[in-house]
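Undergrad: As input, take data-v4.cif (mmCIF, C-alpha atoms and all ligand atoms):
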```cif
data_protein
loop_
_atom_site.label_atom_id
_atom_site.label_comp_id
_atom_site.auth_asym_id
_atom_site.auth_seq_id
_atom_site.Cartn_x
_atom_site.Cartn_y
_atom_site.Cartn_z
CA MET Z 1 82.32 86.88 78.37
CA TYR Z 2 83.78 83.68 76.88
CA PRO Z 3 83.48 80.46 78.93
CA PHE Z 4 86.36 79.59 81.29
CA ALA Z 5 87.22 77.17 84.13
CA PHE Z 6 87.78 78.46 87.68
CA GLN Z 7 90.39 76.73 89.77
CA HIS Z 8 91.12 77.13 93.50
CA THR Z 9 94.64 76.47 94.76
CA LYS Z 10 95.82 76.49 98.37
CA ASN Z 11 99.49 77.33 98.03
CA ILE Z 12 101.88 79.21 95.76
CA LYS Z 13 103.49 76.08 94.33
CA ASP Z 14 100.14 74.64 93.17
CA SER Z 15 99.11 77.99 91.64
CA VAL Z 16 102.31 78.22 89.62
CA SER Z 17 102.02 74.57 88.49
CA ALA Z 18 98.37 75.11 87.50
CA LYS Z 19 99.35 78.13 85.39
CA LYS Z 20 102.21 76.23 83.74
CA GLU Z 21 99.73 73.52 82.66
CA HIS Z 22 97.63 75.95 80.60
CA ALA Z 23 99.48 78.50 78.51
CA ASP Z 24 96.49 80.85 78.41
CA ALA Z 25 95.53 80.56 82.11
CA LYS Z 26 95.52 83.70 84.32
CA TYR Z 27 95.80 84.29 88.03
CA ILE Z 28 92.83 86.10 89.52
CA ALA Z 29 93.24 88.25 92.64
CA GLY Z 30 90.45 90.82 93.25
CA GLY Z 31 89.15 90.52 89.68
CA GLN Z 32 88.60 94.30 89.51
CA SER Z 33 90.64 94.69 86.33
CA LEU Z 34 90.65 91.18 84.88
CA ILE Z 35 86.88 90.53 84.97
CA GLY Z 36 86.19 93.87 83.23
CA VAL Z 37 88.62 92.98 80.45
CA MET Z 38 87.02 89.53 80.09
CA LYS Z 39 83.50 90.98 80.01
CA LEU Z 40 84.60 93.23 77.15
CA ARG Z 41 85.98 90.10 75.43
CA LEU Z 42 89.43 91.71 75.20
CA ASP Z 43 90.90 88.62 76.83
CA GLN Z 44 89.73 85.01 76.96
CA PRO Z 45 91.75 82.91 79.42
CA SER Z 46 90.67 79.24 79.44
CA GLN Z 47 91.34 78.99 83.21
CA LEU Z 48 91.30 81.42 86.11
CA ILE Z 49 93.51 80.41 89.03
CA ASN Z 50 92.15 81.93 92.21
CA LEU Z 51 94.82 83.31 94.58
CA GLY Z 52 92.33 84.19 97.29
CA LEU Z 53 92.76 81.08 99.45
CA ILE Z 54 96.55 81.19 99.83
CA PRO Z 55 97.50 82.29 103.37
CA GLU Z 56 101.14 83.17 102.44
CA LEU Z 57 99.89 85.91 100.11
CA ALA Z 58 97.94 87.78 102.81
CA GLY Z 59 98.96 90.21 105.50
CA ILE Z 60 101.04 93.22 106.45
CA CYS Z 61 104.24 92.88 108.44
CA VAL Z 62 106.59 95.52 109.91
CA GLU Z 63 110.12 94.75 111.08
CA GLY Z 64 112.07 97.86 112.06
CA SER Z 65 111.94 100.18 109.07
CA THR Z 66 110.90 97.41 106.65
CA LEU Z 67 107.24 97.02 105.68
CA THR Z 68 106.15 93.93 103.74
CA ILE Z 69 102.68 93.69 102.22
CA GLY Z 70 101.33 90.38 100.87
CA ALA Z 71 100.13 90.43 97.24
CA MET Z 72 96.52 89.56 98.18
CA THR Z 73 96.21 92.45 100.64
CA ARG Z 74 93.20 94.57 99.67
CA HIS Z 75 93.49 98.32 99.08
CA ALA Z 76 91.10 98.92 102.02
CA GLU Z 77 93.37 96.95 104.38
CA VAL Z 78 96.43 98.99 103.34
CA ALA Z 79 94.47 102.23 103.83
CA ALA Z 80 93.26 101.18 107.29
CA SER Z 81 96.45 99.58 108.63
CA ALA Z 82 97.93 101.39 111.64
CA ASP Z 83 101.33 99.87 110.74
CA VAL Z 84 101.24 101.32 107.22
CA LYS Z 85 100.03 104.70 108.52
CA LYS Z 86 102.91 104.86 110.98
CA CYS Z 87 105.62 103.47 108.72
CA ILE Z 88 104.71 105.06 105.34
CA PRO Z 89 101.85 107.58 105.67
CA GLY Z 90 101.95 108.35 101.92
CA LEU Z 91 101.20 104.71 101.07
CA SER Z 92 98.19 104.49 103.35
CA GLN Z 93 96.94 107.81 101.95
CA LEU Z 94 97.35 106.51 98.37
CA ALA Z 95 95.46 103.26 99.06
CA GLY Z 96 92.53 105.28 100.49
CA LEU Z 97 92.33 107.32 97.27
CA ILE Z 98 91.91 104.30 94.96
CA ALA Z 99 88.51 104.10 93.28
CA ASP Z 100 85.50 103.61 95.56
CA ARG Z 101 84.80 101.47 98.63
CA MET Z 102 83.72 98.42 96.62
CA VAL Z 103 86.87 98.37 94.50
CA ARG Z 104 89.04 99.01 97.58
CA ASN Z 105 87.40 96.06 99.35
CA MET Z 106 88.15 93.69 96.46
CA GLY Z 107 91.22 94.98 94.61
CA THR Z 108 94.67 93.87 95.76
CA ILE Z 109 98.11 95.45 95.74
CA GLY Z 110 99.56 92.45 93.85
CA GLY Z 111 96.86 92.64 91.15
CA SER Z 112 97.34 96.36 90.70
CA VAL Z 113 101.11 96.06 90.42
CA ALA Z 114 100.95 93.06 88.03
CA ASN Z 115 98.40 94.87 85.87
CA ASN Z 116 100.47 98.09 85.62
CA ASP Z 117 97.63 100.24 84.30
CA PRO Z 118 99.24 103.54 83.20
CA SER Z 119 96.79 105.45 85.47
CA ALA Z 120 96.94 103.14 88.50
CA ASP Z 121 98.07 104.59 91.82
CA TYR Z 122 100.27 101.87 93.37
CA PRO Z 123 102.98 101.85 90.67
CA SER Z 124 103.88 105.43 91.66
CA ALA Z 125 104.29 104.42 95.31
CA LEU Z 126 106.45 101.42 94.43
CA LEU Z 127 108.68 103.48 92.15
CA GLY Z 128 108.75 106.48 94.50
CA LEU Z 129 109.68 104.30 97.46
CA ASN Z 130 112.17 102.15 95.56
CA ALA Z 131 110.21 99.07 96.63
CA THR Z 132 111.13 95.46 95.93
CA ILE Z 133 108.67 93.09 94.25
CA ILE Z 134 109.10 89.58 95.62
CA THR Z 135 107.95 86.81 93.29
CA ASN Z 136 108.06 83.03 93.53
CA GLN Z 137 111.29 83.20 91.48
CA ARG Z 138 113.22 86.34 92.45
CA GLU Z 139 113.29 89.89 93.81
CA ILE Z 140 112.84 92.76 91.35
CA LYS Z 141 113.45 96.43 92.15
CA ALA Z 142 110.61 98.77 91.10
CA ASP Z 143 113.06 100.61 88.80
CA ASP Z 144 113.33 97.39 86.72
CA PHE Z 145 109.74 96.19 87.07
CA PHE Z 146 107.43 98.65 85.25
CA LEU Z 147 108.36 98.30 81.59
CA GLY Z 148 105.52 100.00 79.72
CA MET Z 149 101.75 100.24 79.33
CA PHE Z 150 100.29 97.13 81.06
CA GLU Z 151 103.78 95.60 80.77
CA THR Z 152 105.98 94.44 83.64
CA ALA Z 153 109.11 92.33 84.13
CA LEU Z 154 106.95 89.34 85.21
CA GLU Z 155 107.61 86.30 83.04
CA GLY Z 156 105.39 83.29 82.21
CA SER Z 157 103.80 81.89 85.35
CA GLU Z 158 105.75 84.17 87.72
CA LEU Z 159 103.60 85.15 90.70
CA ILE Z 160 103.96 88.23 92.92
CA GLN Z 161 104.10 87.09 96.56
CA SER Z 162 104.66 90.38 98.34
CA ILE Z 163 106.04 93.89 98.09
CA ARG Z 164 108.80 95.10 100.43
CA PHE Z 165 109.21 98.78 101.31
CA THR Z 166 111.74 100.73 103.36
CA ALA Z 167 110.20 103.53 105.42
CA PRO Z 168 111.23 106.97 104.13
CA ILE Z 169 111.70 110.06 106.33
CA LYS Z 170 108.65 111.64 104.70
CA SER Z 171 106.21 110.68 101.96
CA ALA Z 172 102.93 111.75 100.37
CA TYR Z 173 100.78 111.16 97.30
CA ALA Z 174 98.76 113.81 95.47
CA LYS Z 175 96.26 112.81 92.83
CA PHE Z 176 94.17 114.74 90.35
CA LYS Z 177 91.31 112.25 89.84
CA HIS Z 178 89.28 111.64 86.75
CA PRO Z 179 85.82 112.59 88.06
CA ALA Z 180 84.10 109.49 86.63
CA SER Z 181 86.60 106.62 86.95
CA ARG Z 182 88.63 108.10 89.83
CA TYR Z 183 91.80 106.84 88.17
CA ALA Z 184 94.68 109.33 88.20
CA VAL Z 185 94.68 111.92 85.42
CA VAL Z 186 97.99 112.69 87.12
CA GLY Z 187 99.27 111.30 90.42
CA VAL Z 188 102.61 112.15 92.02
CA PHE Z 189 104.29 110.21 94.84
CA VAL Z 190 107.11 111.95 96.71
CA ALA Z 191 109.47 110.20 99.13
CA GLN Z 192 112.37 111.70 101.07
CA PHE Z 193 115.11 109.30 102.22
CA ALA Z 194 118.34 110.15 104.05
CA ASP Z 195 120.39 109.77 100.84
CA GLU Z 196 117.91 110.64 98.07
CA VAL Z 197 114.54 112.07 97.14
CA ARG Z 198 112.38 110.10 94.70
CA VAL Z 199 109.42 111.45 92.75
CA ALA Z 200 107.24 109.14 90.64
CA VAL Z 201 104.43 110.14 88.30
CA THR Z 202 101.44 108.06 87.19
CA GLY Z 203 98.63 108.83 84.73
CA ALA Z 204 100.71 111.17 82.60
CA GLY Z 205 102.68 108.74 80.43
CA SER Z 206 102.44 105.27 78.91
CA SER Z 207 103.71 103.90 82.23
CA VAL Z 208 104.78 105.26 85.60
CA PHE Z 209 108.05 107.27 85.48
CA ARG Z 210 110.46 109.17 87.74
CA LEU Z 211 110.68 112.95 87.56
CA SER Z 212 114.40 113.67 87.70
CA GLU Z 213 114.09 117.51 87.58
CA ALA Z 214 111.95 117.44 90.72
CA GLU Z 215 114.18 114.88 92.44
CA LYS Z 216 117.22 117.09 91.83
CA ALA Z 217 115.50 120.23 93.09
CA LEU Z 218 114.09 118.52 96.20
CA SER Z 219 117.39 116.80 97.05
CA SER Z 220 118.98 120.15 97.85
CA ASN Z 221 115.87 121.75 99.34
CA PHE Z 222 112.87 119.58 100.28
CA SER Z 223 110.23 122.28 99.98
CA ALA Z 224 107.48 123.38 97.60
CA ASP Z 225 109.55 126.49 96.80
CA ALA Z 226 112.26 124.31 95.24
CA LEU Z 227 109.71 123.01 92.71
CA LYS Z 228 108.40 126.40 91.61
CA ALA Z 229 111.32 126.99 89.24
CA ILE Z 230 111.30 123.61 87.47
CA HIS Z 231 109.90 123.23 83.96
CA ILE Z 232 107.93 120.09 83.09
CA SER Z 233 107.98 119.35 79.37
CA ALA Z 234 104.75 118.14 77.74
CA ASP Z 235 106.73 116.06 75.21
CA GLY Z 236 105.64 112.43 75.24
CA LEU Z 237 102.90 112.93 77.85
CA ASN Z 238 99.41 111.46 77.36
CA SER Z 239 96.96 113.66 75.54
CA ASP Z 240 93.25 112.90 75.33
CA PHE Z 241 89.86 114.56 75.21
CA PHE Z 242 89.88 115.02 78.97
CA ALA Z 243 93.41 116.35 79.48
CA ASP Z 244 95.96 117.28 76.83
CA SER Z 245 99.70 116.92 77.35
CA GLU Z 246 100.25 120.61 78.28
CA TYR Z 247 97.55 120.33 80.94
CA ARG Z 248 99.07 117.12 82.29
CA ALA Z 249 102.52 118.77 82.44
CA HIS Z 250 100.95 121.59 84.47
CA LEU Z 251 99.22 119.07 86.76
CA ILE Z 252 102.47 117.18 87.38
CA LYS Z 253 104.02 120.33 88.86
CA LEU Z 254 100.90 121.14 90.90
CA MET Z 255 100.59 117.59 92.25
CA ALA Z 256 104.31 117.48 93.09
CA ILE Z 257 103.98 120.75 95.05
CA GLN Z 258 100.87 119.43 96.80
CA ALA Z 259 102.63 116.16 97.72
CA VAL Z 260 105.67 117.97 99.15
CA ASN Z 261 103.41 120.25 101.20
CA GLN Z 262 101.57 117.21 102.62
CA ALA Z 263 104.61 115.00 103.18
CA LYS Z 264 105.01 113.57 106.68
C1 LIG Z 301 85.49 101.10 88.73
C2 LIG Z 301 86.97 100.91 88.99
C3 LIG Z 301 87.72 102.00 89.37
C4 LIG Z 301 89.08 101.85 89.61
N1 LIG Z 301 89.80 102.94 90.00
C5 LIG Z 301 91.12 102.79 90.28
C6 LIG Z 301 91.88 103.89 90.77
O1 LIG Z 301 91.39 104.99 91.01
N2 LIG Z 301 93.20 103.68 91.00
C7 LIG Z 301 93.80 102.47 90.81
O2 LIG Z 301 94.99 102.34 91.04
N3 LIG Z 301 93.09 101.41 90.38
C8 LIG Z 301 91.78 101.54 90.12
N4 LIG Z 301 91.06 100.45 89.72
C9 LIG Z 301 91.76 99.15 89.57
C10 LIG Z 301 91.75 98.41 90.90
O3 LIG Z 301 92.63 99.02 91.80
C11 LIG Z 301 92.13 96.93 90.72
O4 LIG Z 301 91.85 96.35 91.93
C12 LIG Z 301 93.55 96.61 90.37
O5 LIG Z 301 94.04 97.24 89.24
C13 LIG Z 301 93.70 95.12 90.05
O6 LIG Z 301 93.74 94.41 91.21
P1 LIG Z 301 92.93 93.09 91.37
O7 LIG Z 301 93.37 92.50 92.65
O8 LIG Z 301 91.50 93.35 91.20
O9 LIG Z 301 93.55 92.18 90.17
P2 LIG Z 301 92.86 91.26 89.08
O10 LIG Z 301 91.88 92.05 88.29
O11 LIG Z 301 92.40 89.99 89.68
O12 LIG Z 301 94.15 90.94 88.20
C14 LIG Z 301 94.77 91.92 87.39
C15 LIG Z 301 95.95 91.27 86.62
O13 LIG Z 301 97.00 90.95 87.51
C16 LIG Z 301 97.31 89.55 87.47
N5 LIG Z 301 97.63 89.18 88.85
C17 LIG Z 301 96.83 89.37 89.93
N6 LIG Z 301 97.48 89.03 91.06
C18 LIG Z 301 98.72 88.60 90.67
C19 LIG Z 301 99.86 88.13 91.37
N7 LIG Z 301 99.88 88.04 92.72
N8 LIG Z 301 100.95 87.79 90.66
C20 LIG Z 301 100.96 87.90 89.30
N9 LIG Z 301 99.92 88.33 88.59
C21 LIG Z 301 98.81 88.69 89.27
C22 LIG Z 301 96.06 88.89 86.90
O14 LIG Z 301 96.37 87.68 86.23
C23 LIG Z 301 95.58 89.97 85.93
O15 LIG Z 301 96.30 89.89 84.73
C24 LIG Z 301 89.70 100.57 89.46
C25 LIG Z 301 88.93 99.46 89.08
C26 LIG Z 301 87.57 99.63 88.85
C27 LIG Z 301 86.76 98.42 88.48
#
```
As structure tokens, what does this structure read like?
Ligand SMILES: Cc1cc2nc3c(=O)[nH]c(=O)nc-3n(C[C@H](O)[C@H](O)[C@H](O)COP(=O)(O)OP(=O)(O)OC[C@H]3O[C@@H](n4cnc5c(N)ncnc54)[C@H](O)[C@@H]3O)c2cc1C
TA:
Amino acid sequence: MYPFAFQHTKNIKDSVSAKKEHADAKYIAGGQSLIGVMKLRLDQPSQLINLGLIPELAGICVEGSTLTIGAMTRHAEVAASADVKKCIPGLSQLAGLIADRMVRNMGTIGGSVANNDPSADYPSALLGLNATIITNQREIKADDFFLGMFETALEGSELIQSIRFTAPIKSAYAKFKHPASRYAVVGVFVAQFADEVRVAVTGAGSSVFRLSEAEKALSSNFSADALKAIHISADGLNSDFFADSEYRAHLIKLMAIQAVNQAK
């Protein structure tokens, strides 16, 4: 690891100003992705700006059918929250499937979303639920946020403050885990709303994406049977030693069926 300075800030304004002062500074949330990258010397920020002491970034709040989760909320808190379980069962289920207990106790929803790892779980929930990412500058819909592998719409010193969700009628997440890392080889999030069904896939492409064939089929008949006839093309899907693109295409269909069967 290269040497770096560690800076604590106590509010959002000071964090953003601190990042503006050093072009190569980085925010640090749970450190579960960033520290690994720094240890491998793939990144060498001169400053880390700790977001862990900022009260506005913490907490889970429900108002009617709107659920807002602060960026610094840990995966374990989302998994355990009675409010999340009641409002969006699929989201609580997804958080409980991330990595292991240690990572869930440290990693944050904001860090995961900002990182946009192509195999991360949360991006599929945000896209599947049509969530809104609230930053210190603006509100960004999930459809416009995830741009590509490790690439998001965040600009410069922009900081994620919270994520806002609307409760669907039903939701669920099904994940085929890599046995060692526990990242998604393929993960599918399904959400049924009064006016649309959304299906988002992680792990299978360079970034999370929506599965329009499945959305169309489920919009007219929200059941596993509706998915049996759809064909998932392997074109453009990830292919590696562990799972080739044909296998991932097959898993997408299986995970989508599993998610629909579990949706509540
Ligand atoms: C062994 C292991 C297994 C894992 N398995 C899984 C898994 O199965 N599924 C899964 O989804 N993830 C998995 N992860 C990743 C884990 O969920 C991380 O916690 C997550 O990706 C990053 O969150 P973090 O809070 O640790 O962010 P950090 O590592 O602190 O930051 C990640 C990036 O986001 C930026 N950032 C952080 N917070 C903000 C913010 N509020 N605004 C703007 N930018 C911000 C940072 O500058 C950095 O670039 C795994 C990690 C490990 C180490």
Undergrad: Using only C-alpha atoms and all ligand atoms, find the one residue out of Z:His250, Z:Lys228, Z:Lys175, Z:Arg210 that sits nearest to ligand LIG 301 (chain Z).
TA: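 Residue with the minimum atom-to-atom distance to ligand LIG 301 (chain Z): Z:Lys175.
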Undergrad: With all atoms listed in the file as the atoms that count, which of Z:Leu67, Z:Ile134, Z:Ala226, Z:Ala234 lies nearest to Z:Pro168?
TA: Z:Leu67
Undergrad: Considering only C-alpha atoms and all ligand atoms, state which residue in the set Z:Arg248, Z:His178, Z:Lys39, Z:Lys20 is at the smallest distance from ligand LIG 301 (chain Z).
TA: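 Closest to ligand LIG 301 (chain Z), using only C-alpha atoms and all ligand atoms: Z:His178.
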Undergrad: Name the residues, by chain letter and number, that sit within 6 Å of ligand LIG 301 (chain Z) using all atoms listed in the file, and give them as a VMD selection string.
TA: chain Z and resid 26 to 34 71 98 to 99 103 107 to 108 110 to 112 114 to 115 120 to 122 159 to 161 181 to 183
Undergrad: Show me the residues close to (107.9, 90.9, 85.5) - anything with an atom within 10 Å, counting all atoms listed in the file - and format the list as JSON, numbers by chain.
TA: {"Z": [113, 114, 133, 135, 138, 139, 140, 144, 145, 146, 147, 151, 152, 153, 154, 155, 156, 157, 158, 159, 160]}
Undergrad: Hey, could you pull the box centre and edge lengths for stretch 144-152 of chain Z, axis-aligned, 3 Å padding per side, all listed atoms, to one decimal in Å, as lines of an AutoDock Vina configuration file?
TA:
```
center_x = 106.8
center_y = 97.3
center_z = 83.2
size_x = 19.0
size_y = 11.8
size_z = 13.7
```
Undergrad: Just how far from atom CA of Z:Met106 is atom CA of Z:Ser171, in Å to one decimal?
TA: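 It comes out at 25.4 Å.
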Undergrad: Could you work out how far atom CA of Z:Ala18 lies from atom CA of Z:Tyr2, giving the answer in Å with one decimal?
TA: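 Between atom CA of Z:Tyr2 and atom CA of Z:Ala18 the gap is 20.0 Å.
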Undergrad: If you count all atoms listed in the file, which residues fall within 12 Å of Z:Ser206, apart from same-chain ones fewer than 6 positions away, as a VMD selection string?
TA: chain Z and resid 116 to 120 146 to 151 186 236 to 239
Undergrad: Would you mind exporting C-alpha atoms of the selected residues as a PDB file, keeping the file's coordinate frame?
TA:
```
ATOM      1  CA  ASN Z 116     100.470  98.090  85.620  1.00  0.00           C
ATOM      2  CA  ASP Z 117      97.630 100.240  84.300  1.00  0.00           C
ATOM      3  CA  PRO Z 118      99.240 103.540  83.200  1.00  0.00           C
ATOM      4  CA  SER Z 119      96.790 105.450  85.470  1.00  0.00           C
ATOM      5  CA  ALA Z 120      96.940 103.140  88.500  1.00  0.00           C
ATOM      6  CA  PHE Z 146     107.430  98.650  85.250  1.00  0.00           C
ATOM      7  CA  LEU Z 147     108.360  98.300  81.590  1.00  0.00           C
ATOM      8  CA  GLY Z 148     105.520 100.000  79.720  1.00  0.00           C
ATOM      9  CA  MET Z 149     101.750 100.240  79.330  1.00  0.00           C
ATOM     10  CA  PHE Z 150     100.290  97.130  81.060  1.00  0.00           C
ATOM     11  CA  GLU Z 151     103.780  95.600  80.770  1.00  0.00           C
ATOM     12  CA  VAL Z 186      97.990 112.690  87.120  1.00  0.00           C
ATOM     13  CA  GLY Z 236     105.640 112.430  75.240  1.00  0.00           C
ATOM     14  CA  LEU Z 237     102.900 112.930  77.850  1.00  0.00           C
ATOM     15  CA  ASN Z 238      99.410 111.460  77.360  1.00  0.00           C
ATOM     16  CA  SER Z 239      96.960 113.660  75.540  1.00  0.00           C
TER      17      SER Z 239
END
```
